[in-house]
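File shown: work01.cif. Contents: mmCIF, C-alpha atoms.
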data_input
loop_
_atom_site.label_atom_id
_atom_site.label_comp_id
_atom_site.auth_asym_id
_atom_site.auth_seq_id
_atom_site.Cartn_x
_atom_site.Cartn_y
_atom_site.Cartn_z
CA MET A 3 -46.59 59.02 -23.02
CA LYS A 4 -49.96 60.63 -22.58
CA VAL A 5 -50.22 63.00 -19.62
CA ILE A 6 -53.43 62.31 -17.72
CA LYS A 7 -53.26 65.12 -15.16
CA THR A 8 -50.84 67.91 -14.35
CA TYR A 9 -50.60 69.60 -10.94
CA TYR A 10 -49.19 73.11 -10.65
CA PRO A 11 -47.87 74.65 -7.41
CA LYS A 12 -49.82 77.06 -5.27
CA VAL A 13 -47.42 79.98 -4.72
CA LYS A 14 -49.50 82.96 -3.59
CA ALA A 15 -48.65 82.48 0.11
CA ILE A 16 -44.95 81.91 -0.63
CA GLU A 17 -44.69 85.07 -2.73
CA PHE A 18 -46.66 87.06 -0.13
CA PHE A 19 -44.24 85.88 2.57
CA MET A 20 -41.23 86.90 0.45
CA MET A 21 -42.64 90.41 -0.04
CA LEU A 22 -43.55 90.67 3.64
CA VAL A 23 -39.97 89.83 4.67
CA TYR A 24 -38.60 92.35 2.18
CA SER A 25 -40.96 95.05 3.47
CA ILE A 26 -39.98 94.36 7.09
CA VAL A 27 -36.27 94.50 6.21
CA VAL A 28 -36.67 97.80 4.31
CA CYS A 29 -38.72 99.42 7.07
CA PHE A 30 -36.48 98.15 9.89
CA GLY A 31 -33.27 99.05 8.03
CA THR A 32 -34.52 102.55 7.23
CA LEU A 33 -35.61 102.99 10.85
CA LEU A 34 -32.19 101.90 12.12
CA LEU A 35 -30.42 104.31 9.78
CA TRP A 36 -32.75 107.09 10.95
CA LEU A 37 -32.26 106.28 14.66
CA LYS A 38 -28.48 106.29 14.21
CA GLU A 39 -28.91 109.67 12.53
CA ASP A 40 -27.04 108.27 9.55
CA LEU A 41 -29.90 108.44 7.05
CA THR A 42 -28.61 110.18 3.98
CA PHE A 43 -29.93 109.71 0.48
CA GLU A 44 -26.70 107.96 -0.60
CA ARG A 45 -26.79 105.49 2.31
CA TRP A 46 -30.48 104.76 1.80
CA ARG A 47 -29.92 104.26 -1.94
CA SER A 48 -27.03 101.83 -1.20
CA PHE A 49 -29.25 100.01 1.28
CA MET A 50 -32.02 99.71 -1.33
CA LEU A 51 -29.56 98.48 -4.00
CA ILE A 52 -28.37 95.77 -1.62
CA GLY A 53 -32.04 94.93 -1.04
CA LEU A 54 -32.38 94.54 -4.80
CA ILE A 55 -30.16 91.44 -4.50
CA TYR A 56 -32.79 89.94 -2.19
CA VAL A 57 -35.58 90.85 -4.62
CA LEU A 58 -33.71 89.31 -7.57
CA PHE A 59 -33.01 86.12 -5.60
CA CYS A 60 -36.67 85.89 -4.51
CA THR A 61 -37.79 86.44 -8.11
CA PHE A 62 -35.55 83.60 -9.28
CA LEU A 63 -36.80 81.36 -6.48
CA SER A 64 -40.40 82.20 -7.31
CA PHE A 65 -39.75 81.41 -10.97
CA CYS A 66 -38.28 78.02 -10.05
CA ILE A 67 -41.21 77.22 -7.76
CA ARG A 68 -43.74 78.29 -10.39
CA THR A 69 -42.20 76.15 -13.14
CA GLN A 70 -42.30 72.91 -11.20
CA ARG A 71 -45.18 70.53 -11.68
CA ILE A 72 -46.25 66.96 -11.02
CA GLU A 73 -47.47 65.00 -14.02
CA LEU A 74 -49.41 61.77 -13.83
CA THR A 75 -49.05 59.76 -17.01
CA GLU A 76 -50.43 56.37 -17.92
CA TYR A 77 -47.54 54.50 -16.30
CA ARG A 78 -45.64 56.87 -14.02
CA ILE A 79 -45.54 59.93 -11.80
CA GLU A 80 -43.06 62.65 -12.78
CA HIS A 81 -41.83 65.70 -10.92
CA LYS A 82 -40.61 68.38 -13.32
CA LEU A 83 -38.61 71.49 -12.53
CA LEU A 84 -37.79 74.17 -15.12
CA GLY A 85 -39.20 71.81 -17.76
CA PHE A 86 -36.80 68.97 -16.92
CA SER A 87 -37.87 65.71 -15.33
CA CYS A 88 -36.24 65.60 -11.89
CA ARG A 89 -37.88 62.50 -10.50
CA SER A 90 -39.87 59.81 -12.23
CA VAL A 91 -41.34 56.61 -10.79
CA ALA A 92 -43.39 53.94 -12.52
CA PHE A 93 -46.65 53.16 -10.74
CA SER A 94 -45.92 49.43 -10.89
CA SER A 95 -42.68 49.85 -8.91
CA VAL A 96 -44.10 52.02 -6.11
CA LYS A 97 -43.99 50.13 -2.82
CA GLU A 98 -44.91 52.83 -0.33
CA VAL A 99 -45.85 56.52 -0.31
CA MET A 100 -45.38 58.35 2.98
CA PHE A 101 -45.04 61.79 4.52
CA GLY A 102 -41.60 62.79 5.77
CA LYS A 103 -39.26 65.66 6.46
CA ILE A 104 -35.83 66.54 5.12
CA ASN A 105 -33.99 69.36 6.89
CA GLY A 106 -37.30 70.46 8.40
CA SER A 107 -39.09 70.70 5.05
CA PRO A 108 -42.11 68.45 4.49
CA VAL A 109 -41.73 65.99 1.61
CA ILE A 110 -43.48 62.95 0.21
CA ALA A 111 -41.22 59.91 0.13
CA ILE A 112 -41.99 57.41 -2.62
CA ILE A 113 -40.23 54.13 -1.95
CA ASN A 114 -39.36 52.29 -5.12
CA GLU A 115 -39.79 48.52 -5.02
CA ASN A 116 -36.70 47.90 -7.16
CA THR A 117 -34.13 50.02 -5.34
CA GLN A 118 -35.69 50.40 -1.86
CA LYS A 119 -34.31 53.95 -2.02
CA PRO A 120 -36.84 56.71 -1.33
CA ILE A 121 -37.53 59.32 -3.98
CA PHE A 122 -38.45 62.65 -2.41
CA VAL A 123 -41.08 64.88 -3.98
CA PRO A 124 -41.96 68.25 -2.42
CA TYR A 125 -45.10 68.38 -0.30
CA ILE A 126 -45.31 72.16 -0.38
CA PRO A 127 -46.55 73.80 -2.71
CA PHE A 128 -48.65 70.79 -3.79
CA GLU A 129 -50.18 70.19 -0.33
CA LYS A 130 -53.79 70.40 -1.53
CA ASP A 131 -53.22 67.97 -4.40
CA TRP A 132 -51.59 65.05 -2.57
CA ASP A 133 -54.83 63.33 -1.60
CA GLU A 134 -55.86 63.18 -5.25
CA ILE A 135 -52.36 62.14 -6.38
CA SER A 136 -52.14 59.37 -3.78
CA SER A 137 -55.56 58.01 -4.70
CA PHE A 138 -54.47 57.97 -8.37
CA ILE A 139 -51.33 56.02 -7.40
CA LYS A 140 -53.47 53.58 -5.37
CA GLU A 141 -55.79 53.17 -8.36
CA ARG A 142 -52.86 52.25 -10.61
CA ASN A 143 -51.06 50.03 -8.07
CA HIS A 144 -53.36 48.26 -5.61
CA THR A 145 -50.51 46.87 -3.47
CA VAL A 146 -49.01 50.28 -2.57
CA ILE A 147 -49.07 51.38 1.07
CA ILE A 148 -50.02 55.03 1.45
CA THR A 149 -49.46 56.84 4.77
CA ILE A 150 -49.99 60.55 4.22
#

What do you get writing this file as structure tokens?
Amino acid sequence: MKVIKTYYPKVKAIEFFMMLVYSIVVCFGTLLLWLKEDLTFERWRSFMLIGLIYVLFCTFLSFCIRTQRIELTEYRIEHKLLGFSCRSVAFSSVKEVMFGKINGSPVIAIINENTQKPIFVPYIPFEKDWDEISSFIKERNHTVIITI
């Protein structure tokens, strides 16, 4: 299938937030060790090594977020993560596209006409692209109801 348009995530703010949290934790943790008068080089080094776990986890998360994309092909919309197709819906079977939340995270729910079961696609980090994506879906399927 020919890919018509590919949307990549916007991750600058997410990565900035991760580094901000890490900086706050390092500064606050070092300050607490200093206030308790327990700041030795060995303790601080152990604290920083434990912080390395956070950095590695954030790096992995950032990699996963960066590798996801939404592809619009001739006949379907696909959400890919790490190069694998996670969710795929044919334009002809889309009944409704709406904004929702799962566990507090904003998502786009695509209701499939055949199964009536919603397929959830992340809203963030594609928030600026959803107007264009929804208009493309509407162009391909004129009966779809879009409430974003």

Two-atom distance - CA of Ile139 in chain A, CA of Val123 in chain A (Å): 14.0 Å

Could you list, with a cut-off of 10 Å and counting only C-alpha atoms, the residues of range 5-64 of chain A near range 79-88 of chain A, each shown with its nearest atom pair and the distance in Å rounded to one decimal, rows sorted by chain and ascending number, as JSON lines?
{"residue": "A:Val5", "atom": "CA", "partner": "A:Ile79", "partner_atom": "CA", "distance": 9.6}
{"residue": "A:Lys7", "atom": "CA", "partner": "A:Ile79", "partner_atom": "CA", "distance": 9.9}
{"residue": "A:Thr8", "atom": "CA", "partner": "A:Glu80", "partner_atom": "CA", "distance": 9.5}
{"residue": "A:Tyr9", "atom": "CA", "partner": "A:His81", "partner_atom": "CA", "distance": 9.6}

Check which residues of range 48-110 of chain A sit at most 9 Å from range 15-22 of chain A using all atoms listed in the file, and return one row each with the closest pair of atoms and their distance in Å to one decimal, ordered by chain and rising number, as CSV.
residue,atom,partner,partner_atom,distance
A:Val57,CA,A:Met21,CA,8.4
A:Cys60,CA,A:Met20,CA,6.8
A:Thr61,CA,A:Glu17,CA,8.9
A:Ser64,CA,A:Glu17,CA,6.9

Nearest residue to Arg142 in chain A from the set A:Ile67, A:Ile112, A:Leu51, A:Leu74 (distances using only C-alpha atoms): A:Leu74

Distance criterion (all atoms listed in the file): nearest to Phe101 in chain A out of A:Thr117, A:Thr149, A:Thr69, A:Thr42: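 So, comparing all the options, the nearest one is A:Thr149.
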
Residue nearest Pro120 in chain A - candidates A:Ser107, A:Ser90, A:Gln70, A:Asn143, atoms counted: only C-alpha atoms: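 That would be A:Ser90, the residue with the smallest distance to Pro120 in chain A.
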
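Minimum atom-to-atom distances from A:Phe49, A:Phe65, A:Tyr77, A:Trp132 to Phe30 in chain A were compared using only C-alpha atoms, and the lowest value belongs to A:Phe49.
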
Coordinates of box centre and edge lengths for range 43-58 of chain A, 6 Å on every side, axis-aligned, as lines of an AutoDock Vina configuration file:
center_x = -31.1
center_y = 99.5
center_z = -2.6
size_x = 20.9
size_y = 32.4
size_z = 21.9

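When CA of Cys66 in chain A is paired with CA of Glu98 in chain A, their separation reads 27.8 Å.
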
Point-to-point distance from CA of Cys29 in chain A to CA of Leu41 in chain A, Å rounded to tenths: 12.6 Å

Residue contacts of Asn114 in chain A (12 Å, only C-alpha atoms) excluding same-chain residues fewer than 6 positions away, as a PyMOL selection string: chain A and resi 78-79+89-100+120-122+146-147

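The residue that comes closest to Val13 in chain A, out of A:Ile126, A:Lys103, A:Asp133, A:Ile150 and on the basis of only C-alpha atoms, is A:Ile126.
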
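For the set A:Thr75, A:Ala111, A:Thr145, A:Ser136, the residue with the smallest atom-to-atom gap to Lys4 in chain A is A:Thr75, counting all atoms listed in the file.
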
Neighbour list for Pro108 in chain A as an MDAnalysis selection string, cut-off 7 Å, all atoms listed in the file, skip fewer than 2 positions in-chain: chainID A and resid 102:104 106 124:126

Could range 65-76 of chain A be completed with all heavy atoms and returned as a short mmCIF file (atom, residue, chain, number, x, y, z; two decimals), in the frame of the given file?
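So result-v1.cif came out as:
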data_model
loop_
_atom_site.label_atom_id
_atom_site.label_comp_id
_atom_site.auth_asym_id
_atom_site.auth_seq_id
_atom_site.Cartn_x
_atom_site.Cartn_y
_atom_site.Cartn_z
N PHE A 65 -39.70 81.98 -9.62
CA PHE A 65 -39.75 81.41 -10.97
C PHE A 65 -39.53 79.90 -10.94
O PHE A 65 -40.24 79.14 -11.60
CB PHE A 65 -38.70 82.09 -11.86
CG PHE A 65 -38.61 81.50 -13.24
CD1 PHE A 65 -39.60 81.74 -14.17
CD2 PHE A 65 -37.54 80.70 -13.59
CE1 PHE A 65 -39.53 81.20 -15.45
CE2 PHE A 65 -37.45 80.15 -14.86
CZ PHE A 65 -38.45 80.40 -15.79
N CYS A 66 -38.55 79.46 -10.16
CA CYS A 66 -38.28 78.02 -10.05
C CYS A 66 -39.46 77.28 -9.43
O CYS A 66 -39.83 76.20 -9.89
CB CYS A 66 -37.02 77.77 -9.22
SG CYS A 66 -35.51 78.23 -10.06
N ILE A 67 -40.06 77.86 -8.40
CA ILE A 67 -41.21 77.22 -7.76
C ILE A 67 -42.39 77.16 -8.72
O ILE A 67 -43.08 76.15 -8.82
CB ILE A 67 -41.58 77.95 -6.45
CG1 ILE A 67 -40.47 77.78 -5.42
CG2 ILE A 67 -42.90 77.45 -5.90
CD1 ILE A 67 -40.63 78.66 -4.19
N ARG A 68 -42.62 78.24 -9.46
CA ARG A 68 -43.74 78.29 -10.39
C ARG A 68 -43.60 77.30 -11.56
O ARG A 68 -44.59 76.83 -12.08
CB ARG A 68 -43.90 79.69 -10.97
CG ARG A 68 -44.61 80.63 -10.10
CD ARG A 68 -44.80 81.97 -10.80
NE ARG A 68 -45.53 82.87 -9.96
CZ ARG A 68 -46.86 82.93 -9.92
NH1 ARG A 68 -47.56 82.16 -10.68
NH2 ARG A 68 -47.46 83.78 -9.13
N THR A 69 -42.38 77.02 -11.98
CA THR A 69 -42.20 76.15 -13.14
C THR A 69 -42.22 74.67 -12.79
O THR A 69 -42.22 73.85 -13.70
CB THR A 69 -40.87 76.46 -13.88
OG1 THR A 69 -39.78 76.26 -12.98
CG2 THR A 69 -40.87 77.87 -14.42
N GLN A 70 -42.23 74.34 -11.52
CA GLN A 70 -42.30 72.91 -11.20
C GLN A 70 -43.73 72.42 -11.30
O GLN A 70 -44.68 73.18 -11.15
CB GLN A 70 -41.69 72.62 -9.83
CG GLN A 70 -42.46 73.11 -8.65
CD GLN A 70 -41.79 72.71 -7.36
OE1 GLN A 70 -41.13 71.69 -7.29
NE2 GLN A 70 -41.97 73.51 -6.33
N ARG A 71 -43.85 71.14 -11.58
CA ARG A 71 -45.18 70.53 -11.68
C ARG A 71 -45.05 69.02 -11.48
O ARG A 71 -43.98 68.45 -11.61
CB ARG A 71 -45.84 70.85 -13.01
CG ARG A 71 -45.10 70.36 -14.21
CD ARG A 71 -45.79 70.85 -15.49
NE ARG A 71 -45.12 70.34 -16.66
CZ ARG A 71 -44.10 70.91 -17.28
NH1 ARG A 71 -43.60 72.02 -16.80
NH2 ARG A 71 -43.56 70.39 -18.35
N ILE A 72 -46.17 68.42 -11.15
CA ILE A 72 -46.25 66.96 -11.02
C ILE A 72 -47.18 66.48 -12.11
O ILE A 72 -48.31 66.95 -12.23
CB ILE A 72 -46.77 66.54 -9.63
CG1 ILE A 72 -45.75 66.94 -8.56
CG2 ILE A 72 -47.05 65.05 -9.59
CD1 ILE A 72 -46.20 66.66 -7.15
N GLU A 73 -46.67 65.56 -12.93
CA GLU A 73 -47.47 65.00 -14.02
C GLU A 73 -47.75 63.54 -13.75
O GLU A 73 -46.86 62.76 -13.43
CB GLU A 73 -46.73 65.14 -15.35
CG GLU A 73 -46.64 66.56 -15.85
CD GLU A 73 -45.97 66.68 -17.20
OE1 GLU A 73 -45.41 65.67 -17.69
OE2 GLU A 73 -46.01 67.77 -17.77
N LEU A 74 -49.01 63.17 -13.92
CA LEU A 74 -49.41 61.77 -13.83
C LEU A 74 -49.66 61.30 -15.25
O LEU A 74 -50.52 61.83 -15.95
CB LEU A 74 -50.68 61.62 -12.99
CG LEU A 74 -50.59 62.11 -11.55
CD1 LEU A 74 -51.94 62.01 -10.88
CD2 LEU A 74 -49.55 61.35 -10.78
N THR A 75 -48.87 60.32 -15.68
CA THR A 75 -49.05 59.76 -17.01
C THR A 75 -49.71 58.40 -16.88
O THR A 75 -50.11 58.01 -15.79
CB THR A 75 -47.69 59.64 -17.74
OG1 THR A 75 -46.87 58.71 -17.03
CG2 THR A 75 -46.98 60.98 -17.83
N GLU A 76 -49.78 57.69 -17.96
CA GLU A 76 -50.43 56.37 -17.92
C GLU A 76 -49.68 55.39 -17.03
O GLU A 76 -50.28 54.54 -16.40
CB GLU A 76 -50.53 55.81 -19.33
CG GLU A 76 -51.41 56.62 -20.24
CD GLU A 76 -51.38 56.12 -21.67
OE1 GLU A 76 -50.85 55.02 -21.91
OE2 GLU A 76 -51.87 56.84 -22.55
#
